[in-house]
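Data from model.txt: compact mmCIF, C-alpha atoms
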```txt
# COMPACT_ATOMS: atom_id res chain seq x y z
CA MET A 1322 0.00 0.00 0.00
CA THR A 1323 1.23 3.50 -0.80
CA ILE A 1324 0.44 6.50 1.39
CA ARG A 1325 1.28 10.08 0.53
CA LYS A 1326 1.77 12.74 3.18
CA PRO A 1327 3.88 15.92 3.52
CA LEU A 1328 7.07 16.19 5.52
CA PRO A 1329 7.34 19.09 7.97
CA PRO A 1330 8.39 22.22 6.04
CA ALA A 1331 12.11 22.93 5.50
CA ASN A 1332 13.20 21.15 8.67
CA ALA A 1333 12.08 17.77 7.55
CA SER A 1334 15.02 15.51 7.91
CA TRP A 1335 16.71 11.97 7.16
CA PRO A 1336 22.65 7.24 7.13
CA ARG A 1337 24.55 4.94 5.44
CA ARG A 1338 27.45 2.71 6.53
CA GLY A 1339 28.39 2.05 10.14
CA VAL A 1340 31.30 1.81 12.58
CA ARG A 1341 32.71 -0.89 14.83
CA VAL A 1342 30.15 -2.35 17.19
CA GLY A 1343 29.90 -2.64 20.96
CA ALA A 1344 30.65 -0.06 23.59
CA CYS A 1345 32.68 1.82 20.98
CA LEU A 1346 29.47 3.25 19.56
CA MET A 1347 28.91 5.36 22.64
CA LEU A 1348 32.42 6.74 22.35
CA ALA A 1349 32.01 7.64 18.72
CA ALA A 1350 28.75 9.41 19.49
CA GLY A 1351 30.09 11.03 22.61
CA GLY A 1352 27.06 11.47 24.80
CA CYS A 1353 23.33 11.06 24.80
CA GLU A 1354 21.92 14.55 25.11
CA PRO A 1355 19.41 15.63 22.45
CA GLN A 1356 20.68 18.64 20.56
CA SER A 1357 20.46 20.57 17.34
CA PRO A 1358 23.05 20.29 14.54
CA GLU A 1359 26.38 21.74 15.64
CA VAL A 1360 28.82 24.31 14.44
CA GLY A 1361 31.05 23.02 11.67
CA THR A 1362 28.81 23.36 8.63
CA LEU A 1363 30.38 24.37 5.34
CA ALA A 1364 31.62 27.94 5.11
CA GLY A 1365 29.65 30.53 3.18
CA ALA A 1366 26.05 31.63 3.07
CA ALA A 1367 23.92 28.53 2.59
CA ALA A 1368 20.41 28.59 1.16
CA ASP A 1369 17.70 26.83 3.15
CA LEU A 1370 16.47 23.79 1.24
CA ALA A 1371 13.36 21.71 1.87
CA VAL A 1372 12.57 18.03 1.32
CA ASP A 1373 9.13 17.38 -0.13
CA THR A 1374 7.58 13.95 0.22
CA VAL A 1375 6.79 12.25 -3.09
CA THR A 1376 5.70 8.91 -1.64
CA VAL A 1377 5.62 7.08 1.69
CA VAL A 1378 5.41 3.29 1.44
CA HIS A 1379 4.30 1.07 4.34
CA SER A 1380 4.66 -2.71 4.27
CA ASP A 1381 4.60 -5.56 6.78
CA LEU A 1382 7.48 -7.07 4.75
CA PHE A 1383 10.00 -4.39 5.75
CA PHE A 1384 12.50 -5.90 8.20
CA ARG A 1385 15.53 -3.82 9.28
CA ILE A 1386 16.03 -2.05 5.96
CA ARG A 1387 19.67 -1.54 5.00
CA SER A 1388 19.28 0.20 1.64
CA VAL A 1389 16.76 1.29 -1.00
CA ARG A 1390 17.37 1.86 -4.73
CA GLN A 1391 15.32 2.78 -7.77
CA ILE A 1392 14.69 0.14 -10.44
CA ALA A 1393 13.08 0.45 -13.87
CA ASP A 1394 9.56 1.87 -14.33
CA GLY A 1395 9.59 3.73 -11.03
CA GLY A 1396 9.89 0.64 -8.85
CA LEU A 1397 12.09 0.14 -5.80
CA ALA A 1398 14.48 -2.54 -4.50
CA VAL A 1399 14.38 -2.64 -0.70
CA MET A 1400 17.20 -4.52 1.05
CA ASN A 1401 15.98 -6.25 4.23
CA ARG A 1402 18.85 -7.02 6.58
CA GLY A 1403 16.58 -8.91 8.99
CA SER A 1404 15.40 -11.48 6.44
CA ARG A 1405 18.54 -11.42 4.23
CA SER A 1406 16.43 -10.67 1.19
CA LEU A 1407 15.38 -7.96 -1.25
CA LEU A 1408 11.78 -6.87 -1.65
CA LEU A 1409 10.85 -5.52 -5.09
CA LEU A 1410 8.11 -2.86 -5.23
CA ASP A 1411 6.28 -1.55 -8.27
CA SER A 1412 5.68 2.15 -8.98
CA ARG A 1413 2.62 2.12 -6.69
CA GLY A 1414 4.61 0.70 -3.78
CA ASP A 1415 3.01 -2.74 -3.99
CA PRO A 1416 5.12 -5.93 -3.66
CA ALA A 1417 6.31 -7.18 -7.06
CA GLY A 1418 8.69 -9.97 -6.09
CA THR A 1419 11.35 -11.14 -3.62
CA ILE A 1420 15.02 -11.94 -4.09
CA GLY A 1421 16.90 -14.35 -1.84
CA ARG A 1422 16.70 -15.78 1.64
CA LEU A 1423 19.14 -16.84 4.36
CA GLY A 1424 21.44 -19.48 2.91
CA GLU A 1425 24.54 -20.23 0.84
CA GLY A 1426 22.96 -21.50 -2.35
CA PRO A 1427 22.54 -19.61 -5.63
CA GLY A 1428 20.46 -16.51 -5.03
CA ASP A 1429 20.73 -16.84 -1.22
CA PHE A 1430 22.52 -14.52 1.20
CA LEU A 1431 24.46 -14.87 4.43
CA SER A 1432 24.34 -11.07 4.69
CA VAL A 1433 23.04 -8.18 2.61
CA THR A 1434 25.73 -5.51 2.72
CA ASP A 1435 25.06 -3.16 -0.19
CA LEU A 1436 23.28 -3.02 -3.54
CA ASP A 1437 23.24 -1.04 -6.76
CA THR A 1438 20.75 -0.98 -9.62
CA LYS A 1439 20.82 -0.18 -13.32
CA GLY A 1440 17.47 -0.47 -15.04
CA ASP A 1441 16.18 -3.95 -14.16
CA SER A 1442 19.65 -5.18 -13.14
CA ILE A 1443 20.42 -5.47 -9.43
CA LEU A 1444 23.83 -6.07 -7.84
CA VAL A 1445 23.91 -7.43 -4.27
CA LEU A 1446 27.08 -7.53 -2.15
CA ASP A 1447 27.18 -10.28 0.50
CA ALA A 1448 30.18 -9.55 2.73
CA PHE A 1449 29.81 -12.70 4.87
CA ALA A 1450 29.64 -15.03 1.87
CA ARG A 1451 32.25 -12.83 0.14
CA ARG A 1452 30.45 -12.69 -3.18
CA VAL A 1453 28.42 -10.44 -5.45
CA GLN A 1454 25.32 -11.68 -7.25
CA LEU A 1455 23.67 -10.08 -10.28
CA PHE A 1456 19.92 -10.34 -10.76
CA HIS A 1457 17.59 -9.28 -13.55
CA ARG A 1458 14.52 -8.45 -11.52
CA ALA A 1459 14.17 -11.60 -9.37
CA SER A 1460 16.15 -13.93 -11.68
CA LEU A 1461 19.78 -14.74 -10.86
CA VAL A 1462 22.08 -13.94 -13.79
CA ASP A 1463 25.67 -14.22 -12.50
CA THR A 1464 27.80 -14.68 -9.38
CA TRP A 1465 31.35 -13.52 -8.57
CA SER A 1466 33.47 -14.81 -5.68
CA LEU A 1467 35.44 -12.19 -3.72
CA ARG A 1468 37.44 -14.59 -1.57
CA GLU A 1469 40.71 -13.31 -3.01
CA ILE A 1470 39.99 -9.92 -1.42
CA THR A 1471 41.16 -10.00 2.19
CA GLY A 1472 39.75 -6.70 3.45
CA THR A 1473 36.36 -5.77 4.87
CA LEU A 1474 33.87 -5.47 2.00
CA ALA A 1475 31.64 -2.40 2.07
CA GLN A 1476 30.11 -1.09 -1.20
CA VAL A 1477 29.27 -2.25 -4.73
CA THR A 1478 28.40 -0.31 -7.90
CA PHE A 1479 28.07 -0.62 -11.67
CA SER A 1480 30.96 1.08 -13.48
CA PRO A 1481 30.28 2.89 -16.80
CA ASP A 1482 31.20 -0.22 -18.84
CA GLY A 1483 28.87 -2.37 -16.73
CA ALA A 1484 31.62 -4.18 -14.81
CA PRO A 1485 30.79 -4.22 -11.09
CA VAL A 1486 33.24 -2.62 -8.67
CA VAL A 1487 33.52 -3.25 -4.93
CA SER A 1488 35.27 -1.41 -2.11
CA ALA A 1489 37.05 -3.00 0.82
CA THR A 1490 38.98 -1.59 3.75
CA ARG A 1491 42.48 -3.04 3.76
CA GLU A 1492 43.01 -5.67 6.41
CA SER A 1493 44.96 -4.21 9.34
CA PRO A 1494 48.47 -5.68 9.71
CA TYR A 1495 49.65 -7.05 13.03
CA PRO A 1496 50.30 -3.97 15.20
CA ASP A 1497 53.78 -2.60 15.58
CA PRO A 1498 54.82 -1.40 19.07
CA GLU A 1499 55.17 2.09 17.60
CA ASP A 1500 51.44 2.05 16.73
CA ALA A 1501 50.35 1.82 20.37
CA MET A 1502 48.05 4.69 21.44
CA LYS A 1503 47.96 6.30 18.01
CA VAL A 1504 44.89 6.98 15.88
CA LEU A 1505 45.21 4.69 12.85
CA ARG A 1506 43.25 4.34 9.58
CA GLU A 1507 43.60 1.62 6.96
CA PRO A 1508 42.86 2.85 3.41
CA VAL A 1509 39.87 1.79 1.34
CA GLU A 1510 40.73 -0.19 -1.80
CA LEU A 1511 38.68 -0.73 -4.98
CA TYR A 1512 38.43 -3.88 -7.14
CA ARG A 1513 36.72 -4.87 -10.37
CA ILE A 1514 34.97 -8.06 -9.40
CA ASP A 1515 35.65 -9.70 -12.76
CA ASP A 1516 39.31 -9.56 -11.65
CA PRO A 1517 39.11 -9.40 -7.83
CA ALA A 1518 42.79 -10.13 -7.27
CA THR A 1519 43.75 -6.86 -8.98
CA GLU A 1520 43.29 -3.60 -7.12
CA ILE A 1521 42.08 -0.57 -9.11
CA GLU A 1522 44.64 2.21 -9.08
CA ILE A 1523 43.13 5.43 -7.68
CA PRO A 1524 44.66 8.93 -7.56
CA VAL A 1525 44.05 9.68 -3.87
CA GLU A 1526 43.86 7.64 -0.69
CA ILE A 1527 40.39 7.00 0.75
CA PRO A 1528 40.76 6.78 4.54
CA GLY A 1529 38.91 4.05 6.39
CA ASP A 1530 37.46 4.01 9.91
CA GLU A 1531 39.62 5.32 12.76
CA TYR A 1532 40.85 2.89 15.41
CA PHE A 1533 43.64 2.53 17.96
CA VAL A 1534 45.53 -0.33 19.60
CA VAL A 1535 46.85 -0.94 23.10
CA PHE A 1536 49.17 -3.73 24.19
CA VAL A 1537 47.79 -5.51 27.27
CA ALA A 1538 50.75 -7.13 28.98
CA ALA A 1539 48.60 -9.24 31.32
CA ARG A 1540 46.94 -10.86 28.32
CA GLY A 1541 50.01 -10.89 26.10
CA GLY A 1542 48.17 -9.34 23.17
CA TRP A 1543 46.68 -6.25 21.58
CA ARG A 1544 43.32 -4.66 22.26
CA TYR A 1545 41.58 -2.69 19.51
CA GLY A 1546 39.26 0.25 20.11
CA VAL A 1547 37.54 3.21 18.53
CA PRO A 1548 38.79 6.65 19.64
CA ALA A 1549 36.34 9.01 21.30
CA PHE A 1550 34.43 10.96 18.63
CA GLY A 1551 36.04 8.72 16.01
CA ALA A 1552 35.55 9.36 12.30
CA GLY A 1553 34.33 6.67 9.93
CA ALA A 1554 35.00 6.01 6.25
CA THR A 1555 32.89 8.53 4.32
CA TYR A 1556 32.77 7.91 0.57
CA ASP A 1557 30.34 6.79 -2.13
CA LEU A 1558 30.86 4.71 -5.27
CA THR A 1559 28.80 6.01 -8.20
CA GLY A 1560 28.30 5.02 -11.82
CA THR A 1561 30.73 7.71 -12.96
CA GLY A 1562 33.37 7.60 -10.24
CA VAL A 1563 34.03 8.09 -6.55
CA VAL A 1564 33.24 10.91 -4.14
CA ALA A 1565 35.36 10.66 -0.99
CA ALA A 1566 35.41 12.85 2.09
CA ASP A 1567 38.01 12.82 4.83
CA ALA A 1568 35.72 13.14 7.80
CA ARG A 1569 38.64 14.23 9.96
CA SER A 1570 40.07 17.03 7.78
CA GLY A 1571 36.88 18.09 5.99
CA ARG A 1572 38.39 17.64 2.53
CA VAL A 1573 36.03 16.30 -0.17
CA VAL A 1574 37.28 15.09 -3.56
CA SER A 1575 35.90 13.29 -6.59
CA PHE A 1576 37.54 11.35 -9.41
CA PRO A 1577 36.20 9.37 -12.40
CA TRP A 1578 36.59 5.67 -13.08
CA GLY A 1579 39.67 4.97 -15.13
CA GLY A 1580 41.10 8.45 -14.69
CA GLN A 1581 43.66 10.15 -12.52
CA ALA A 1582 42.11 13.64 -12.51
CA VAL A 1583 41.02 14.67 -9.00
CA ARG A 1584 38.55 17.47 -8.36
CA THR A 1585 38.60 19.08 -4.92
CA LEU A 1586 35.03 19.82 -3.93
CA ARG A 1587 35.86 21.14 -0.45
CA PRO A 1588 39.37 21.92 0.87
CA SER A 1589 40.76 20.75 4.18
CA SER A 1590 39.87 22.86 7.21
CA PRO A 1591 41.70 23.48 10.49
CA PRO A 1592 40.75 21.05 13.26
CA GLU A 1593 38.17 22.14 15.80
CA ALA A 1594 38.30 20.77 19.33
CA MET A 1595 35.35 19.17 21.07
CA SER A 1596 34.06 21.43 23.83
CA GLU A 1597 34.48 20.78 27.55
CA HIS A 1598 30.70 20.34 27.76
CA GLN A 1599 30.78 17.59 25.13
CA LEU A 1600 33.62 15.83 26.93
CA ASP A 1601 31.77 16.09 30.23
CA ARG A 1602 28.74 14.48 28.60
CA LEU A 1603 30.96 11.69 27.31
CA TRP A 1604 32.29 10.93 30.80
CA ALA A 1605 28.79 11.06 32.30
CA SER A 1606 27.49 8.63 29.68
CA ALA A 1607 30.47 6.33 30.18
CA ASP A 1608 29.90 6.29 33.93
CA THR A 1609 26.23 5.40 33.40
CA VAL A 1610 27.18 2.47 31.18
CA ALA A 1611 29.95 1.30 33.51
CA ARG A 1612 27.59 1.07 36.49
CA ARG A 1613 25.67 -1.69 34.67
CA LEU A 1614 28.77 -3.74 33.83
CA PRO A 1615 30.53 -6.36 35.97
CA ASP A 1616 33.95 -5.17 34.70
CA ARG A 1617 33.41 -1.47 35.43
CA ASP A 1618 37.11 -0.67 35.92
CA ASP A 1619 38.12 -2.32 32.63
CA TYR A 1620 35.45 -0.37 30.77
CA MET A 1621 36.46 2.98 32.26
CA THR A 1622 40.11 2.20 31.43
CA TYR A 1623 39.08 1.70 27.82
CA VAL A 1624 37.16 5.00 27.81
CA ARG A 1625 40.17 6.86 29.21
CA GLU A 1626 42.36 5.36 26.49
CA ALA A 1627 39.82 6.36 23.83
CA VAL A 1628 40.10 9.98 24.98
CA GLU A 1629 43.81 10.08 25.81
CA VAL A 1630 44.78 8.68 22.40
CA TRP A 1631 44.13 12.20 21.05
CA GLY A 1632 46.63 13.89 23.36
CA GLU A 1633 45.81 17.35 24.68
CA SER A 1634 42.83 18.14 22.44
CA VAL A 1635 40.06 15.93 21.03
CA PRO A 1636 39.22 17.00 17.45
CA ARG A 1637 35.70 16.92 16.07
CA PRO A 1638 34.99 15.15 12.74
CA TYR A 1639 33.30 17.12 9.98
CA TYR A 1640 31.06 14.51 8.32
CA SER A 1641 29.34 11.22 9.07
CA ALA A 1642 28.08 10.24 5.57
CA VAL A 1643 28.53 10.98 1.86
CA ILE A 1644 25.88 10.19 -0.77
CA SER A 1645 26.27 11.11 -4.43
CA ASP A 1646 24.72 10.45 -7.84
CA GLY A 1647 28.00 11.23 -9.57
CA SER A 1648 26.99 14.81 -10.17
CA GLU A 1649 25.66 16.37 -6.97
CA THR A 1650 26.68 15.24 -3.49
CA LEU A 1651 25.07 15.19 -0.07
CA LEU A 1652 27.23 15.52 3.07
CA ARG A 1653 25.84 14.65 6.47
CA HIS A 1654 27.42 16.77 9.20
CA PHE A 1655 28.80 15.15 12.33
CA THR A 1656 26.98 15.63 15.63
CA SER A 1657 28.38 14.57 18.99
CA GLY A 1658 25.32 12.70 20.19
CA PRO A 1659 21.94 11.38 19.05
CA ALA A 1660 20.73 14.81 17.97
CA ASP A 1661 17.07 15.53 17.27
CA LEU A 1662 18.00 16.52 13.70
CA SER A 1663 20.71 15.60 11.22
CA GLU A 1664 22.01 18.39 8.99
CA TRP A 1665 22.84 17.80 5.33
CA SER A 1666 24.60 19.99 2.75
CA LEU A 1667 24.06 19.66 -1.00
CA LEU A 1668 27.09 20.31 -3.23
CA ALA A 1669 27.10 20.93 -6.97
CA GLU A 1670 29.43 18.93 -9.23
CA ASP A 1671 32.13 21.62 -8.85
CA GLY A 1672 31.76 21.73 -5.06
CA GLU A 1673 29.59 24.84 -4.85
CA LEU A 1674 27.39 24.78 -1.76
CA LEU A 1675 23.80 24.75 -3.05
CA GLY A 1676 22.16 24.75 0.38
CA THR A 1677 21.40 22.80 3.53
CA PHE A 1678 18.43 21.03 5.06
CA SER A 1679 17.74 19.10 8.26
CA LEU A 1680 16.04 15.73 8.68
CA ASP A 1681 14.72 13.85 11.65
CA ARG A 1682 17.53 11.79 13.21
CA ASP A 1683 15.50 8.57 12.86
CA THR A 1684 15.29 8.97 9.09
CA GLN A 1685 18.04 7.15 7.21
CA LEU A 1686 19.07 8.40 3.79
CA PHE A 1687 20.40 5.92 1.23
CA SER A 1688 20.51 7.39 -2.28
CA LEU A 1689 20.42 10.58 -4.33
CA GLN A 1690 19.46 10.77 -8.00
CA ASN A 1691 18.61 14.02 -9.77
CA ARG A 1692 17.69 15.57 -6.40
CA GLU A 1693 15.34 12.71 -5.57
CA ILE A 1694 16.28 10.97 -2.35
CA LEU A 1695 15.34 7.56 -0.98
CA GLY A 1696 15.26 6.95 2.74
CA VAL A 1697 13.69 5.02 5.56
CA GLY A 1698 11.84 6.49 8.52
CA LYS A 1699 10.34 5.05 11.69
CA ASP A 1700 7.15 5.79 13.57
CA SER A 1701 6.77 5.99 17.35
CA LEU A 1702 6.75 2.16 17.55
CA ASP A 1703 9.94 1.88 15.43
CA VAL A 1704 7.95 0.48 12.49
CA GLU A 1705 9.81 1.25 9.24
CA HIS A 1706 8.48 2.99 6.14
CA VAL A 1707 10.20 3.91 2.88
CA ILE A 1708 10.28 7.59 1.92
CA VAL A 1709 10.74 8.97 -1.58
CA GLY A 1710 11.49 12.68 -1.36
CA ARG A 1711 12.63 15.54 -3.54
CA ILE A 1712 15.04 18.33 -2.58
CA ARG A 1713 13.51 21.75 -3.25
CA GLY A 1714 15.03 25.18 -2.85
CA PRO A 1715 16.25 28.41 -4.44
CA PHE A 1716 18.90 26.86 -6.69
```
Encoding of this model in structure tokens:
Amino acid sequence: MTIRKPLPPANASWPRRGVRVGACLMLAAGGCEPQSPEVGTLAGAAADLAVDTVTVVHSDLFFRIRSVRQIADGGLAVMNRGSRSLLLLDSRGDPAGTIGRLGEGPGDFLSVTDLDTKGDSILVLDAFARRVQLFHRASLVDTWSLREITGTLAQVTFSPDGAPVVSATRESPYPDPEDAMKVLREPVELYRIDDPATEIEIPVEIPGDEYFVVFVAARGGWRYGVPAFGAGATYDLTGTGVVAADARSGRVVSFPWGGQAVRTLRPSSPPEAMSEHQLDRLWASADTVARRLPDRDDYMTYVREAVEVWGESVPRPYYSAVISDGSETLLRHFTSGPADLSEWSLLAEDGELLGTFSLDRDTQLFSLQNREILGVGKDSLDVEHVIVGRIRGPF
């Protein structure tokens, strides 16, 4: 069933990709106070943009949606992480087929990590099974094994010549003693999946998620953690190339497939320290969590390390997500806690700031195409619905 309703004016609002799990999530968020989007938006006068609702789709078949993409004739492919399957919807939002189920056979999935579409063709990346499968609507067409790629698989896309490309964060080497208590990032690598053993040469490094290591003498081994207010890998593979942002420096670049030309969309910016108030909220949240744990002292030791790894000042990341259609790009600005709203900036192909808008923090945004955006929202009972919206403003 399809239901149409308006979003709240101008301040309607709507993530992609995640970070390491566990207690680290609290450290990356840095507190639990509700708040508005923070300082750190892109410089210059920004026009206020609005997001108009085109369609809202409700279905009992939605189950922990991980991504949504357009398919031919106005339909949608909805990736359900909970059921390890894809739900196909027609232009009215009615079910039109299902792809896959939990399993290891042809057309099955151990995980649904990412997808891309091109007309009626659908690529599905399964990071656990380490393979990509190509479907035409609900029919399996081809399968590629990615077992020769050792890193952590993240995204998949169709390149201009139709050959699928995947991204993977390089596998971290065994730590060196000199790496202890330093913020580290392994780069993201790209591969054509018809030749997965060969890495695609790219003109700039795409930084992966931040982490740090500590040697625990009592255990005779290394402990890995996420630094407080840690930055994640923020990039998007598109049909024309790659848009990559360094969430730590604020630099945003793009480059085409098969080319070495790099366009700087936003330059690097000086680091900005987290405020004392934000750090105080982090410690208060950590103390609340620690009180519920049997190993309180070990947890608080980890939190101290996650803060002290930065030295005298804890820098604030600039972005938490990048979404692009290969022409225009959306940047989601970092906030230090589960804010009421998430703030997004829309950039033109040359990096010009076209404007900003805010979305409700519970609305996830997955794709941008010709200023149409696909996302997933939740109601007061956490029931999911798919949102098709359009960015509107004084362009």
query = Excluding same-chain residues fewer than 6 positions from Thr1438 in chain A, what lies within 9 Å of it counting all atoms listed in the file, as a ChimeraX atom specification?
reply = /A:1390-1393,1398,1444-1445,1478-1479
task = Return the single residue from A:Gly1672, A:Arg1612, A:Ile1514, A:Pro1494 that is closest to Val1574 in chain A, with distances computed using only C-alpha atoms.
result =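 Nearest to Val1574 in chain A: A:Gly1672.
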task = Within 6 Å of range 1544-1548 of chain A, counting only C-alpha atoms, which residues show up once you throw out same-chain ones fewer than 4 positions away? Write them as a PyMOL selection string, please.
result = chain A and resi 1345+1532-1535+1627
request  = For range 1446-1453 of chain A, please output as a count of residues only all residues within 7 Å (counting only C-alpha atoms; exclusion window: fewer than 4 positions along the same chain).
outcome  = 14
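With all atoms listed in the file as the atoms that count, the minimum distance from Arg1682 in chain A to the choices A:Arg1413, A:Arg1711, A:Arg1540, A:Lys1699 is reached by A:Lys1699.
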message = Please return as a PyMOL selection string every residue within 10 Å of (9.8, -12.1, 1.1), taking into account only C-alpha atoms and the file's own coordinates.
response = chain A and resi 1382-1384+1401+1404-1409+1416+1418-1422
request  = Figure out the distance between CA of Tyr1639 in chain A and CA of Ala1594 in chain A, please, to one decimal in Å.
outcome  = 11.2 Å
task = Mind checking which residues fall within 9 Å of range 1683-1687 of chain A, counting only C-alpha atoms, ignoring those fewer than 2 positions away in the same chain, and posting them as an MDAnalysis selection string?
result = chainID A and resid 1334:1337 1387:1390 1644 1661:1663 1680:1681 1689 1694:1700 1708
inquiry  = Set the distance at 12 Å and use all atoms listed in the file: which residues neighbour Asp1619 in chain A once local chain neighbours fewer than 5 positions away are removed? I'd like the list as a list in words.
reply    = Ala1344, Val1537, Arg1544, Ala1607, Asp1608, Ala1611, Arg1612, Leu1614, Val1624, Arg1625 and Glu1626 of chain A
remark   = In terms of all atoms listed in the file, the residue from A:Trp1604, A:Tyr1640, A:Trp1631, A:Trp1665 at minimal distance from Lys1503 in chain A is A:Trp1631
message = For a quick check of understanding, using all atoms listed in the file, which of A:Ala1459, A:Ala1568, A:Val1375, A:Val1525 has the smallest distance to Phe1655 in chain A?
response =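 Distance minimum relative to Phe1655 in chain A lands on A:Ala1568.
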request  = Grab the CA of Leu1667 in chain A to CA of Leu1652 in chain A distance for me, in Å with one decimal place.
outcome  =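 One can read the CA of Leu1667 in chain A to CA of Leu1652 in chain A distance as 6.6 Å.
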Shortest interatomic distance to Ala1582 in chain A - which of A:Ser1657, A:Ile1523, A:Phe1550, A:Gly1529, counting all atoms listed in the file =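 Of A:Ser1657, A:Ile1523, A:Phe1550, A:Gly1529, the one nearest Ala1582 in chain A, counting all atoms listed in the file, is A:Ile1523.
Distances to His1654 in chain A were evaluated for A:Glu1693, A:Tyr1620, A:Val1583, A:Ala1566 using all atoms listed in the file, and the minimum falls at A:Ala1566.
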request  = Just give me the residues with any atom within 6 Å of (6.3, 1.5, -10.1), file coordinates, counting only C-alpha atoms, written as a list in words.
outcome  =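 Those residues, ordered by chain and then number, are Asp1394, Gly1395, Gly1396, Asp1411, Ser1412 and Arg1413 of chain A.
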query = So what do you get for CA of Pro1517 in chain A versus CA of Tyr1556 in chain A, distance-wise?
reply =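 One can read the CA of Pro1517 in chain A to CA of Tyr1556 in chain A distance as 20.3 Å.
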Generate the coordinates of N, CA, C and O atoms for range 1369-1380 of chain A; report them as an mmCIF file, in the coordinates of the input.
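Once everything was written out, this is rebuild-v8.cif:
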```cif
data_model
loop_
_atom_site.group_PDB
_atom_site.id
_atom_site.type_symbol
_atom_site.label_atom_id
_atom_site.label_comp_id
_atom_site.auth_asym_id
_atom_site.auth_seq_id
_atom_site.Cartn_x
_atom_site.Cartn_y
_atom_site.Cartn_z
ATOM 1 N N ASP A 1369 18.529 27.811 2.459
ATOM 2 C CA ASP A 1369 17.700 26.830 3.150
ATOM 3 C C ASP A 1369 16.943 26.003 2.114
ATOM 4 O O ASP A 1369 16.173 26.544 1.318
ATOM 5 N N LEU A 1370 17.158 24.702 2.138
ATOM 6 C CA LEU A 1370 16.470 23.790 1.240
ATOM 7 C C LEU A 1370 15.377 23.047 1.993
ATOM 8 O O LEU A 1370 15.391 22.986 3.218
ATOM 9 N N ALA A 1371 14.439 22.496 1.269
ATOM 10 C CA ALA A 1371 13.360 21.710 1.870
ATOM 11 C C ALA A 1371 13.335 20.340 1.195
ATOM 12 O O ALA A 1371 13.830 20.161 0.075
ATOM 13 N N VAL A 1372 12.766 19.364 1.879
ATOM 14 C CA VAL A 1372 12.570 18.030 1.320
ATOM 15 C C VAL A 1372 11.072 17.765 1.266
ATOM 16 O O VAL A 1372 10.408 17.682 2.310
ATOM 17 N N ASP A 1373 10.549 17.675 0.059
ATOM 18 C CA ASP A 1373 9.130 17.380 -0.130
ATOM 19 C C ASP A 1373 8.932 15.884 -0.269
ATOM 20 O O ASP A 1373 9.692 15.210 -0.977
ATOM 21 N N THR A 1374 7.899 15.352 0.355
ATOM 22 C CA THR A 1374 7.580 13.950 0.220
ATOM 23 C C THR A 1374 6.912 13.685 -1.120
ATOM 24 O O THR A 1374 5.938 14.337 -1.470
ATOM 25 N N VAL A 1375 7.442 12.728 -1.867
ATOM 26 C CA VAL A 1375 6.790 12.250 -3.090
ATOM 27 C C VAL A 1375 5.894 11.064 -2.756
ATOM 28 O O VAL A 1375 4.735 11.009 -3.150
ATOM 29 N N THR A 1376 6.436 10.119 -2.010
ATOM 30 C CA THR A 1376 5.700 8.910 -1.640
ATOM 31 C C THR A 1376 6.197 8.381 -0.306
ATOM 32 O O THR A 1376 7.387 8.455 -0.014
ATOM 33 N N VAL A 1377 5.283 7.844 0.487
ATOM 34 C CA VAL A 1377 5.620 7.080 1.690
ATOM 35 C C VAL A 1377 5.029 5.692 1.527
ATOM 36 O O VAL A 1377 3.830 5.558 1.240
ATOM 37 N N VAL A 1378 5.860 4.659 1.659
ATOM 38 C CA VAL A 1378 5.410 3.290 1.440
ATOM 39 C C VAL A 1378 5.486 2.520 2.761
ATOM 40 O O VAL A 1378 6.543 2.478 3.403
ATOM 41 N N HIS A 1379 4.366 1.924 3.149
ATOM 42 C CA HIS A 1379 4.300 1.070 4.340
ATOM 43 C C HIS A 1379 4.132 -0.380 3.898
ATOM 44 O O HIS A 1379 3.402 -0.663 2.949
ATOM 45 N N SER A 1380 4.804 -1.288 4.576
ATOM 46 C CA SER A 1380 4.660 -2.710 4.270
ATOM 47 C C SER A 1380 5.024 -3.537 5.482
ATOM 48 O O SER A 1380 5.998 -3.232 6.187
#
```
